>>> print(open('input06.cif').read())   # mmCIF, C-alpha atoms
data_final
#
loop_
_atom_site.label_atom_id
_atom_site.label_comp_id
_atom_site.auth_asym_id
_atom_site.auth_seq_id
_atom_site.Cartn_x
_atom_site.Cartn_y
_atom_site.Cartn_z
CA MET A 137 -8.86 -19.23 13.98
CA ALA A 138 -8.87 -15.68 12.76
CA ARG A 139 -12.33 -14.31 12.32
CA ARG A 140 -12.84 -10.64 11.72
CA TYR A 141 -16.16 -8.94 12.26
CA ARG A 142 -16.65 -6.23 9.70
CA ASN A 143 -19.62 -3.94 9.68
CA ILE A 144 -22.08 -4.19 6.85
CA LYS A 145 -20.85 -1.00 5.16
CA GLU A 146 -17.34 -2.36 4.95
CA ILE A 147 -18.58 -5.73 3.71
CA ARG A 148 -20.78 -4.14 1.09
CA ALA A 149 -18.00 -1.87 -0.16
CA SER A 150 -15.47 -4.66 -0.50
CA PHE A 151 -17.89 -7.07 -2.19
CA LEU A 152 -19.11 -4.50 -4.68
CA LEU A 153 -15.53 -3.51 -5.42
CA GLU A 154 -14.56 -7.08 -6.31
CA PHE A 155 -17.89 -8.24 -7.73
CA PRO A 156 -19.73 -5.31 -9.28
CA ARG A 157 -22.48 -7.60 -10.62
CA LEU A 158 -23.65 -8.21 -7.07
CA ALA A 159 -25.10 -4.70 -7.16
CA PHE A 160 -27.92 -6.05 -9.29
CA ASP A 161 -28.84 -8.94 -7.01
CA SER A 162 -29.49 -9.59 -3.38
CA VAL A 163 -26.79 -11.23 -1.30
CA SER A 164 -26.95 -12.64 2.20
CA ILE A 165 -23.86 -12.49 4.38
CA LYS A 166 -23.58 -15.85 6.12
CA SER A 167 -20.37 -15.82 8.11
CA PRO A 168 -17.65 -13.52 9.39
CA TRP A 169 -14.46 -12.73 7.48
CA ASP A 170 -12.23 -15.75 8.10
CA ASP A 171 -8.80 -16.61 6.74
CA ASP A 172 -8.87 -20.25 7.87
CA TYR A 173 -10.66 -21.55 4.77
CA GLN A 174 -11.57 -20.53 1.26
CA CYS A 175 -13.97 -21.42 -1.52
CA ILE A 176 -12.66 -24.88 -2.35
CA ALA A 177 -12.73 -26.02 1.28
CA TRP A 178 -16.19 -24.48 1.61
CA SER A 179 -17.37 -26.49 -1.39
CA GLU A 180 -16.07 -29.58 0.42
CA CYS A 181 -17.96 -28.39 3.55
CA TYR A 182 -14.77 -27.73 5.54
CA THR A 183 -14.03 -24.55 7.50
CA ASP A 184 -10.74 -25.55 9.12
CA ARG A 185 -8.45 -25.76 6.11
CA LYS A 186 -7.52 -24.31 2.76
CA SER A 187 -7.83 -26.76 -0.08
CA TRP A 188 -6.07 -26.49 -3.40
CA PRO A 189 -4.24 -28.97 -5.61
CA ALA A 190 -0.83 -27.55 -4.69
CA LYS A 191 1.85 -28.06 -2.08
CA GLY A 192 1.07 -26.28 1.17
CA TYR A 193 -2.66 -26.84 0.85
CA ALA A 194 -4.95 -29.61 2.04
CA TRP A 195 -5.49 -32.11 -0.76
CA PRO A 196 -5.96 -35.89 -0.66
CA GLU A 197 -2.75 -37.82 -1.00
CA GLY A 198 -2.11 -39.38 -4.37
CA LEU A 199 -4.18 -36.92 -6.40
CA PRO A 200 -2.38 -34.78 -9.00
CA LEU A 201 -0.99 -31.42 -7.83
CA ALA A 202 -0.31 -28.27 -9.78
CA ASP A 203 2.94 -26.34 -9.32
CA PRO A 204 2.37 -23.46 -6.92
CA ASP A 205 3.25 -20.88 -9.54
CA ASP A 206 1.38 -22.74 -12.26
CA THR A 207 -2.29 -23.11 -13.08
CA ALA A 208 -4.68 -25.60 -11.54
CA THR A 209 -7.08 -26.88 -14.15
CA ILE A 210 -10.40 -28.72 -14.05
CA ASP A 211 -8.42 -31.97 -14.36
CA HIS A 212 -6.94 -31.31 -10.92
CA PHE A 213 -10.36 -30.75 -9.31
CA LEU A 214 -12.39 -33.54 -10.93
CA PRO A 215 -10.65 -36.42 -9.10
CA ARG A 216 -11.02 -34.64 -5.76
CA PHE A 217 -14.72 -33.97 -6.15
CA SER A 218 -15.42 -37.40 -7.58
CA LEU A 219 -14.16 -38.72 -4.22
CA LEU A 220 -16.99 -36.69 -2.66
CA GLY A 221 -19.52 -38.24 -5.05
CA TYR A 222 -19.74 -35.46 -7.66
CA LYS A 223 -20.07 -36.03 -11.39
CA PRO A 224 -19.88 -33.46 -14.19
CA CYS A 225 -23.21 -32.20 -15.55
CA GLY A 226 -22.11 -29.61 -18.09
CA LEU A 227 -23.35 -26.10 -17.36
CA ASN A 228 -26.77 -27.02 -16.03
CA ASP A 229 -27.13 -24.81 -12.94
CA SER A 230 -30.84 -25.40 -12.32
CA PHE A 231 -31.98 -26.89 -9.03
CA GLU A 232 -32.76 -30.61 -9.16
CA LEU A 233 -34.57 -32.06 -6.17
CA GLY A 234 -32.40 -34.68 -4.49
CA TYR A 235 -29.15 -33.33 -5.93
CA GLN A 236 -26.52 -30.88 -4.79
CA LYS A 237 -24.31 -29.03 -7.24
CA VAL A 238 -20.97 -27.23 -7.21
CA ALA A 239 -19.71 -24.86 -9.90
CA LEU A 240 -16.13 -24.29 -11.05
CA TYR A 241 -15.07 -20.85 -12.22
CA ALA A 242 -11.99 -20.38 -14.39
CA ASN A 243 -10.20 -17.62 -16.26
CA ASP A 244 -7.52 -17.82 -18.95
CA GLN A 245 -5.04 -18.98 -16.31
CA GLY A 246 -7.04 -21.82 -14.77
CA VAL A 247 -9.53 -22.51 -11.98
CA THR A 248 -10.19 -19.51 -9.76
CA HIS A 249 -13.22 -20.24 -7.59
CA MET A 250 -15.93 -22.71 -6.60
CA ALA A 251 -19.49 -22.15 -5.43
CA ARG A 252 -21.82 -24.70 -3.83
CA GLN A 253 -25.53 -24.76 -4.50
CA HIS A 254 -27.76 -24.29 -1.46
CA ILE A 255 -29.26 -27.62 -0.49
CA PHE A 256 -32.74 -26.31 -1.33
CA GLY A 257 -31.64 -24.48 -4.44
CA ILE A 258 -32.32 -20.94 -3.24
CA GLY A 259 -28.93 -19.73 -4.45
CA TRP A 260 -25.21 -20.43 -4.42
CA LEU A 261 -22.88 -20.36 -1.43
CA SER A 262 -19.50 -18.80 -2.05
CA LYS A 263 -16.52 -18.07 0.14
CA PRO A 264 -14.39 -15.62 -1.84
CA GLY A 265 -10.88 -16.04 -0.45
CA LYS A 266 -10.79 -14.71 3.09
CA MET A 267 -13.97 -12.73 2.78
CA GLU A 268 -17.37 -13.55 4.28
CA ASP A 269 -19.47 -16.47 3.03
CA VAL A 270 -22.29 -15.21 0.89
CA LEU A 271 -25.44 -16.65 -0.58
CA HIS A 272 -25.89 -15.15 -4.04
CA LYS A 273 -28.75 -15.84 -6.40
CA LYS A 274 -26.92 -16.51 -9.64
CA LEU A 275 -23.56 -17.94 -10.57
CA ALA A 276 -23.09 -15.00 -12.91
CA ASP A 277 -23.05 -12.66 -9.89
CA LEU A 278 -19.40 -13.49 -9.27
CA GLU A 279 -18.29 -13.81 -12.87
CA GLY A 280 -15.74 -11.37 -14.25
CA ALA A 281 -12.99 -10.86 -16.78
CA MET A 282 -11.10 -13.83 -18.22
CA SER A 283 -7.79 -11.98 -18.31
CA ILE A 284 -5.08 -13.13 -15.90
CA ALA A 285 -4.25 -9.52 -15.12
CA ALA A 286 -7.78 -8.71 -13.99
CA PHE A 287 -7.59 -10.82 -10.80
CA GLU A 288 -11.22 -11.82 -11.27
CA TYR A 289 -12.97 -15.19 -11.42
CA GLY A 290 -13.63 -15.45 -15.14
CA LYS A 291 -16.64 -17.59 -16.06
CA VAL A 292 -18.32 -20.76 -14.84
CA VAL A 293 -16.75 -23.56 -16.87
CA LEU A 294 -18.20 -26.70 -15.30
CA ILE A 295 -20.90 -27.80 -12.87
CA LEU A 296 -20.73 -31.03 -10.89
CA LYS A 297 -23.58 -32.70 -9.05
CA ARG A 298 -24.15 -35.45 -6.52
CA SER A 299 -27.17 -36.96 -4.82
CA TRP A 300 -28.20 -35.97 -1.32
CA TRP A 301 -27.62 -39.57 -0.35
CA SER A 302 -24.04 -39.28 -1.48
CA ALA A 303 -23.66 -36.10 0.60
CA MET A 304 -24.95 -37.99 3.66
CA VAL A 305 -22.65 -40.96 3.13
CA LYS A 306 -19.62 -38.66 2.87
CA LEU A 307 -20.72 -36.88 6.09
CA CYS A 308 -20.83 -33.55 4.25
CA ILE A 309 -24.39 -32.97 5.43
CA LEU A 310 -23.32 -33.23 9.06
CA ARG A 311 -20.49 -30.76 8.55
CA CYS A 312 -22.77 -28.38 6.66
CA LEU A 313 -25.38 -28.53 9.43
CA TRP A 314 -22.75 -27.79 12.04
CA HIS A 315 -21.44 -24.79 10.09
CA ALA A 316 -24.99 -23.56 9.48
CA PHE A 317 -25.56 -23.66 13.26
CA ASP A 318 -22.24 -21.92 13.92
CA PHE A 319 -23.04 -19.15 11.45
CA TRP A 320 -26.56 -18.84 12.84
CA ILE A 321 -25.02 -18.07 16.23
CA TYR A 322 -22.80 -15.50 14.56
CA ARG A 323 -25.75 -13.83 12.90
CA LEU A 324 -27.67 -13.67 16.16
CA ASP A 325 -24.95 -11.53 17.62
CA LYS A 326 -23.77 -9.47 14.64
CA ASP A 327 -25.20 -7.51 11.78
CA TRP A 328 -25.99 -9.57 8.75
CA GLU A 329 -27.92 -7.96 6.01
CA ILE A 330 -28.87 -8.17 2.44
CA VAL A 331 -26.36 -6.16 0.44
CA ARG A 332 -29.11 -5.06 -1.88
CA GLU A 333 -32.75 -6.01 -2.15
CA ASP A 334 -34.29 -6.63 -5.54
CA MET B 279 4.81 34.97 -25.57
CA ASP B 280 1.38 35.35 -27.03
CA GLU B 281 2.77 37.96 -29.39
CA CYS B 282 5.22 35.44 -30.80
CA PHE B 283 2.51 33.01 -31.68
CA HIS B 284 0.51 35.75 -33.33
CA ASN B 285 3.51 37.17 -35.12
CA SER B 286 2.47 39.15 -38.14
CA LYS B 287 5.32 37.50 -40.11
CA ALA B 288 3.61 34.15 -39.81
CA PRO B 289 1.59 33.33 -42.91
CA VAL B 290 -2.01 32.64 -42.07
CA LEU B 291 -2.88 29.16 -43.28
CA GLU B 292 -6.45 28.24 -43.90
CA GLY B 293 -7.57 25.77 -41.27
CA ALA B 294 -4.30 25.79 -39.34
CA TRP B 295 -4.49 26.51 -35.60
CA PHE B 296 -0.79 27.19 -35.12
CA PRO B 297 1.83 29.17 -37.07
CA ARG B 298 4.51 27.34 -39.00
CA ALA B 299 7.68 26.78 -36.98
CA THR B 300 9.91 28.52 -39.50
CA THR B 301 8.14 31.83 -39.01
CA TRP B 302 8.58 31.95 -35.26
CA GLU B 303 11.24 34.29 -33.86
CA PRO B 304 12.40 34.50 -30.27
CA PRO B 305 11.75 37.77 -28.44
CA GLU B 306 14.69 40.14 -28.37
CA GLN B 307 14.54 40.90 -24.66
CA GLU B 308 16.89 39.19 -22.21
CA ASN B 309 15.86 35.73 -21.08
CA ASP B 310 14.54 36.12 -17.53
CA LEU B 311 15.11 32.48 -16.72
CA VAL B 312 18.85 32.58 -17.36
CA GLY B 313 19.27 35.94 -15.67
CA GLY B 314 17.44 34.86 -12.55
CA TRP B 315 19.08 31.46 -12.13
CA GLU B 316 21.09 30.92 -8.96
CA PHE B 317 23.62 28.11 -8.76
CA PRO B 318 23.87 26.46 -5.33
CA ASP B 319 27.11 25.49 -3.67
CA LEU B 320 28.12 22.21 -5.35
CA GLU B 321 30.03 20.91 -2.33
CA LEU B 322 26.99 21.35 -0.11
CA VAL B 323 24.79 19.60 -2.66
CA GLY B 324 27.10 16.57 -2.70
CA GLU B 325 27.09 16.17 1.07
CA THR B 326 23.34 16.62 1.34
CA HIS B 327 22.75 14.14 -1.43
CA ILE B 328 24.79 11.35 0.17
CA THR B 329 23.15 11.76 3.57
CA PHE B 330 19.69 11.79 2.07
CA VAL B 331 20.13 8.55 0.09
CA THR B 332 21.51 6.66 3.10
CA GLU B 333 18.57 7.63 5.29
CA VAL B 334 16.00 6.73 2.65
CA GLN B 335 17.52 3.29 2.09
CA GLU B 336 17.48 2.48 5.81
CA VAL B 337 13.84 3.40 6.23
CA SER B 338 12.49 2.44 2.90
CA LEU B 339 12.85 -1.34 2.77
CA ALA B 340 10.50 -1.86 5.71
CA GLU B 341 8.21 0.89 4.46
CA LYS B 342 8.20 -0.39 0.92
CA PHE B 343 7.47 -3.85 2.24
CA ARG B 344 4.60 -2.56 4.40
CA THR B 345 3.07 -0.65 1.49
CA GLN B 346 3.22 -3.61 -0.88
CA ALA B 347 2.12 -6.15 1.75
CA ASP B 348 -0.94 -4.07 2.66
CA LYS B 349 -1.79 -3.57 -1.00
CA TRP B 350 -1.42 -7.28 -1.70
CA ALA B 351 -3.55 -8.30 1.29
CA ARG B 352 -6.24 -5.80 0.35
CA GLU B 353 -6.38 -6.62 -3.34
CA THR B 354 -6.18 -10.41 -3.09
CA GLN B 355 -8.48 -11.03 -0.13
CA HIS B 356 -11.17 -12.32 -2.51
CA LEU B 357 -8.83 -14.79 -4.25
CA SER B 358 -8.34 -18.47 -3.44
CA SER B 359 -6.00 -19.47 -6.23
CA PRO B 360 -2.37 -19.35 -5.04
CA SER B 361 -1.14 -18.73 -8.58
CA GLN B 362 -3.44 -15.71 -8.87
CA MET B 363 -2.26 -14.39 -5.51
CA MET B 364 1.39 -14.88 -6.41
CA ALA B 365 0.94 -13.23 -9.79
CA HIS B 366 -0.12 -9.99 -8.10
CA PRO B 367 2.43 -7.22 -8.78
CA SER B 368 2.87 -6.50 -5.06
CA TYR B 369 3.83 -10.12 -4.34
CA GLN B 370 6.37 -9.97 -7.15
CA ALA B 371 7.62 -6.61 -5.87
CA ILE B 372 8.25 -8.09 -2.43
CA LEU B 373 10.16 -11.00 -3.94
CA GLY B 374 12.16 -8.43 -5.90
CA MET B 375 13.00 -6.57 -2.68
CA ALA B 376 14.78 -9.70 -1.47
CA GLN B 377 17.55 -8.93 -3.96
CA GLU B 378 18.26 -5.81 -1.91
CA ASN B 379 18.33 -7.56 1.48
CA LYS B 380 17.11 -11.14 1.51
CA ARG B 381 17.51 -11.70 5.23
CA GLU B 382 15.55 -8.56 6.11
CA ILE B 383 12.72 -9.49 3.75
CA ILE B 384 12.48 -12.97 5.29
CA ARG B 385 12.32 -11.33 8.72
CA LEU B 386 9.61 -8.92 7.56
CA LEU B 387 7.63 -11.77 6.00
CA LEU B 388 7.76 -13.74 9.24
CA LEU B 389 6.72 -10.72 11.32
CA ASP B 390 3.85 -9.99 8.95
CA LEU B 391 2.82 -13.64 9.10
CA GLN B 392 2.73 -13.33 12.87
CA GLU B 393 0.89 -10.02 13.02
CA ASN B 394 -1.42 -10.12 10.03
CA ARG B 395 -1.59 -13.80 9.05
CA ASN B 396 -0.85 -12.96 5.44
CA GLU B 397 -0.01 -16.06 3.42
CA TRP B 398 3.70 -15.77 2.69
CA PHE B 399 4.34 -19.51 2.83
CA TRP B 400 5.39 -19.92 -0.77
CA ALA B 401 7.55 -16.78 -0.68
CA LEU B 402 9.24 -18.01 2.49
CA SER B 403 9.90 -21.43 0.97
CA TYR B 404 11.26 -19.80 -2.16
CA LEU B 405 13.56 -17.38 -0.34
CA THR B 406 14.78 -19.79 2.33
CA GLN B 407 14.83 -22.89 0.12
CA ASP B 408 13.22 -24.68 3.04
CA ASN B 409 9.77 -26.01 3.88
CA PRO B 410 9.21 -26.92 7.53
CA ILE B 411 5.48 -27.67 7.04
CA LYS B 412 4.47 -31.29 7.61
CA PRO B 413 2.13 -32.69 4.94
CA SER B 414 -0.50 -33.30 7.63
CA ASP B 415 -0.45 -29.58 8.53
CA ALA B 416 -0.80 -28.34 4.96
CA GLY B 417 -3.71 -25.93 4.58
CA LYS B 418 -4.12 -25.41 8.34
CA MET B 419 -3.30 -21.74 8.87
CA ASP B 420 -2.63 -21.79 12.61
CA ARG B 421 -0.27 -24.74 12.42
CA MET B 422 1.54 -23.43 9.33
CA ILE B 423 2.04 -20.02 10.92
CA SER B 424 3.37 -21.44 14.19
CA THR B 425 5.67 -23.82 12.30
CA TRP B 426 7.18 -21.00 10.25
CA LEU B 427 7.54 -18.77 13.32
CA ASN B 428 9.34 -21.56 15.17
CA TRP B 429 11.57 -21.98 12.14
CA GLY B 430 12.26 -18.24 12.18
CA ARG B 431 13.20 -18.25 15.86
CA LYS B 432 15.38 -21.32 15.45
CA ASN B 433 17.26 -19.73 12.55
CA GLY B 434 17.63 -16.33 14.21
CA PHE B 435 15.32 -14.32 11.98
CA ILE B 436 12.95 -13.16 14.71
#
>>> encode(input="input06.cif", output="structure tokens")
Amino acid sequence: MARRYRNIKEIRASFLLEFPRLAFDSVSIKSPWDDDYQCIAWSECYTDRKSWPAKGYAWPEGLPLADPDDTATIDHFLPRFSLLGYKPCGLNDSFELGYQKVALYANDQGVTHMARQHIFGIGWLSKPGKMEDVLHKKLADLEGAMSIAAFEYGKVVLILKRSWWSAMVKLCILRCLWHAFDFWIYRLDKDWEIVRED
Amino acid sequence: MDECFHNSKAPVLEGAWFPRATTWEPPEQENDLVGGWEFPDLELVGETHITFVTEVQEVSLAEKFRTQADKWARETQHLSSPSQMMAHPSYQAILGMAQENKREIIRLLLLDLQENRNEWFWALSYLTQDNPIKPSDAGKMDRMISTWLNWGRKNGFI
């Protein structure tokens, strides 16, 4: 495990550099910098692995993989998240009581990022690469250019949802509760602040 | 020089901000640049040149690697997509450096993996044409790093 505790100034600077739209919204830092997992694993409620439909990453056996130097498309992610009980629901990002949603971001190259809706709909949980987990209000906060050369997330292209019951059956709720407790301990000890208040 | 550009021989054109080239004449005085030029000893230049290049090459591969690796780590820390991370110019630059000294780049990649936990797994597989990672360990950083470091020790890279 490689966690890195960055002070809030450093966190703020790096987030605003990569996601300038966050300057217009409030963001809660939820976890330390950690290179053991990334956004896809975080959407699956894992913090001990990196998930991606490519060799060298955690991905269920038998599901289609993309070449490492090629793009991973929505078609690679749908089978994986259907195993976790998710179904596509277009671009409807509103909170629905009893349902949990995840959003897929993609640019011209393919899928770039995933965000998971907070269980009570107060925002979206994202783990951008190795950086800290954040709770941001809108999906658009992390959107960016579609160009491959921009190294940004592009736009939200699909939202998937599942029932809370489904999340319980798949044990995701238990994992999420454990991580919430773990991060709560972290926040007791370290600075965690809103990057910018409304 | 200002006098040349305001030469009275130059026809004044309405709306033009510079004189026509054909009307310009060089000053008659001796060219100070040519007169003041000093030619160094050619033999000394040759020796100095050879020494300098050798030293730069010895130092620069590790330094170039460090510069590009730091840049790559800094500029891709927000990315999760391996294809996006590999498309970064610094990643490609490091792969390009392997043409200069493949063995040294593999060694530097392994050392950087050990010290900074940067994800060089695909680059290592590409350069070594090997993949020691078990499918059950895929995606687990600690296990992948230790597997590659063991591979490096076994094959004499580190």
>>> closest_residue(input="input06.cif", among="A:Arg185, A:Lys273, A:Lys237, A:Arg298", to="chain B", atoms="all atoms listed in the file")
A:Arg185
>>> residues_around(input="input06.cif", residues="Gly226 in chain A", least_positions_apart="2", cutoff="6 Å", atoms="all atoms listed in the file", output="PyMOL selection string")
chain A and resi 224+228+294-295
>>> write_last_selection(input="input06.cif", atoms="C-alpha atoms", output="short mmCIF file (atom, residue, chain, number, x, y, z; two decimals), in the coordinates of the input")
data_model
loop_
_atom_site.label_atom_id
_atom_site.label_comp_id
_atom_site.auth_asym_id
_atom_site.auth_seq_id
_atom_site.Cartn_x
_atom_site.Cartn_y
_atom_site.Cartn_z
CA PRO A 224 -19.88 -33.46 -14.19
CA ASN A 228 -26.77 -27.02 -16.03
CA LEU A 294 -18.20 -26.70 -15.30
CA ILE A 295 -20.90 -27.80 -12.87
#
>>> interface_residues(input="input06.cif", of="chain A", to="chain B", cutoff="7 Å", atoms="all atoms listed in the file", output="PyMOL selection string")
chain A and resi 137+172+174-175+184-187+192-194+204-207+248-249+264-267+287
>>> resolve_selection(input="input06.cif", expression="the PyMOL selection byres ((chain A and resi 178) around 10)", output="VMD selection string")
chain A and resid 173 to 177 179 to 187 250 to 252 261 to 264 269 312 315
>>> residues_around(input="input06.cif", residues="range 300-308 of chain A", least_positions_apart="5", cutoff="7 Å", atoms="all atoms listed in the file", output="ChimeraX atom specification")
/A:181,220-221,234-236
>>> closest_residue(input="input06.cif", among="A:Asp229, A:Glu154, A:Asp203, A:Asp161", to="Leu296 in chain A", atoms="all atoms listed in the file")
A:Asp229
>>> resolve_selection(input="input06.cif", expression="the PyMOL selection byres ((chain A and resi 200) around 7)", output="list in words")
Pro189, Gly198, Leu199, Leu201, Ala202 and His212 of chain A
>>> axis_aligned_box(input="input06.cif", around="range 395-413 of chain B", padding_each_side="8 Å", output="lines of an AutoDock Vina configuration file")
center_x = 6.6
center_y = -22.8
center_z = 3.4
size_x = 32.4
size_y = 35.7
size_z = 27.2
>>> atom_distance(input="input06.cif", atom1="CA of Leu388 in chain B", atom2="CA of Leu427 in chain B")
6.5 Å
>>> residues_around(input="input06.cif", residues="Glu378 in chain B", least_positions_apart="5", cutoff="12 Å", atoms="all atoms listed in the file", output="PyMOL selection string")
chain B and resi 335-336+338-340+342-343+371-373+383-384
>>> write_last_selection(input="input06.cif", atoms="C-alpha atoms", output="PDB file, in the coordinates of the input")
ATOM      1  CA  GLN B 335      17.520   3.290   2.090  1.00  0.00           C
ATOM      2  CA  GLU B 336      17.480   2.480   5.810  1.00  0.00           C
ATOM      3  CA  SER B 338      12.490   2.440   2.900  1.00  0.00           C
ATOM      4  CA  LEU B 339      12.850  -1.340   2.770  1.00  0.00           C
ATOM      5  CA  ALA B 340      10.500  -1.860   5.710  1.00  0.00           C
ATOM      6  CA  LYS B 342       8.200  -0.390   0.920  1.00  0.00           C
ATOM      7  CA  PHE B 343       7.470  -3.850   2.240  1.00  0.00           C
ATOM      8  CA  ALA B 371       7.620  -6.610  -5.870  1.00  0.00           C
ATOM      9  CA  ILE B 372       8.250  -8.090  -2.430  1.00  0.00           C
ATOM     10  CA  LEU B 373      10.160 -11.000  -3.940  1.00  0.00           C
ATOM     11  CA  ILE B 383      12.720  -9.490   3.750  1.00  0.00           C
ATOM     12  CA  ILE B 384      12.480 -12.970   5.290  1.00  0.00           C
TER      13      ILE B 384
END
>>> atom_distance(input="input06.cif", atom1="CA of Ser424 in chain B", atom2="CA of Gln392 in chain B")
8.2 Å
>>> atom_distance(input="input06.cif", atom1="CA of Glu393 in chain B", atom2="CA of Ala138 in chain A")
11.3 Å
>>> residues_around(input="input06.cif", residues="Ser167 in chain A", least_positions_apart="2", cutoff="8 Å", atoms="all atoms listed in the file", output="ChimeraX atom specification")
/A:165,169,268-270,319,322-323
>>> resolve_selection(input="input06.cif", expression="the PyMOL selection byres ((chain A and resi 276) around 9)", output="list in words")
Arg157, Leu158, Lys273, Lys274, Leu275, Asp277, Leu278, Glu279, Gly280, Lys291 and Val292 of chain A
>>> build_atoms(input="input06.cif", residues="range 418-432 of chain B", atoms="N, CA and C atoms", output="PDB file, in the coordinates of the input")
ATOM      1  N   LYS B 418      -3.627 -25.822   7.012  1.00  0.00           N
ATOM      2  CA  LYS B 418      -4.120 -25.410   8.340  1.00  0.00           C
ATOM      3  C   LYS B 418      -3.338 -24.154   8.759  1.00  0.00           C
ATOM      4  N   MET B 419      -3.979 -23.025   8.694  1.00  0.00           N
ATOM      5  CA  MET B 419      -3.300 -21.740   8.870  1.00  0.00           C
ATOM      6  C   MET B 419      -2.554 -21.627  10.197  1.00  0.00           C
ATOM      7  N   ASP B 420      -3.247 -21.961  11.291  1.00  0.00           N
ATOM      8  CA  ASP B 420      -2.630 -21.790  12.610  1.00  0.00           C
ATOM      9  C   ASP B 420      -1.343 -22.610  12.726  1.00  0.00           C
ATOM     10  N   ARG B 421      -1.436 -23.858  12.284  1.00  0.00           N
ATOM     11  CA  ARG B 421      -0.270 -24.740  12.420  1.00  0.00           C
ATOM     12  C   ARG B 421       0.865 -24.293  11.492  1.00  0.00           C
ATOM     13  N   MET B 422       0.505 -23.871  10.284  1.00  0.00           N
ATOM     14  CA  MET B 422       1.540 -23.430   9.330  1.00  0.00           C
ATOM     15  C   MET B 422       2.244 -22.172   9.845  1.00  0.00           C
ATOM     16  N   ILE B 423       1.458 -21.264  10.398  1.00  0.00           N
ATOM     17  CA  ILE B 423       2.040 -20.020  10.920  1.00  0.00           C
ATOM     18  C   ILE B 423       2.984 -20.324  12.084  1.00  0.00           C
ATOM     19  N   SER B 424       2.508 -21.154  13.027  1.00  0.00           N
ATOM     20  CA  SER B 424       3.370 -21.440  14.190  1.00  0.00           C
ATOM     21  C   SER B 424       4.622 -22.206  13.764  1.00  0.00           C
ATOM     22  N   THR B 425       4.488 -23.085  12.773  1.00  0.00           N
ATOM     23  CA  THR B 425       5.670 -23.820  12.300  1.00  0.00           C
ATOM     24  C   THR B 425       6.703 -22.876  11.702  1.00  0.00           C
ATOM     25  N   TRP B 426       6.237 -21.933  10.869  1.00  0.00           N
ATOM     26  CA  TRP B 426       7.180 -21.000  10.250  1.00  0.00           C
ATOM     27  C   TRP B 426       7.796 -20.058  11.290  1.00  0.00           C
ATOM     28  N   LEU B 427       6.992 -19.654  12.287  1.00  0.00           N
ATOM     29  CA  LEU B 427       7.540 -18.770  13.320  1.00  0.00           C
ATOM     30  C   LEU B 427       8.592 -19.496  14.156  1.00  0.00           C
ATOM     31  N   ASN B 428       8.334 -20.761  14.452  1.00  0.00           N
ATOM     32  CA  ASN B 428       9.340 -21.560  15.170  1.00  0.00           C
ATOM     33  C   ASN B 428      10.616 -21.689  14.335  1.00  0.00           C
ATOM     34  N   TRP B 429      10.421 -21.888  13.054  1.00  0.00           N
ATOM     35  CA  TRP B 429      11.570 -21.980  12.140  1.00  0.00           C
ATOM     36  C   TRP B 429      12.364 -20.670  12.170  1.00  0.00           C
ATOM     37  N   GLY B 430      11.618 -19.548  12.161  1.00  0.00           N
ATOM     38  CA  GLY B 430      12.260 -18.240  12.180  1.00  0.00           C
ATOM     39  C   GLY B 430      13.056 -17.999  13.445  1.00  0.00           C
ATOM     40  N   ARG B 431      12.495 -18.425  14.577  1.00  0.00           N
ATOM     41  CA  ARG B 431      13.200 -18.250  15.860  1.00  0.00           C
ATOM     42  C   ARG B 431      14.456 -19.131  15.897  1.00  0.00           C
ATOM     43  N   LYS B 432      14.265 -20.358  15.423  1.00  0.00           N
ATOM     44  CA  LYS B 432      15.380 -21.320  15.450  1.00  0.00           C
ATOM     45  C   LYS B 432      16.544 -20.837  14.582  1.00  0.00           C
TER      46      LYS B 432
END
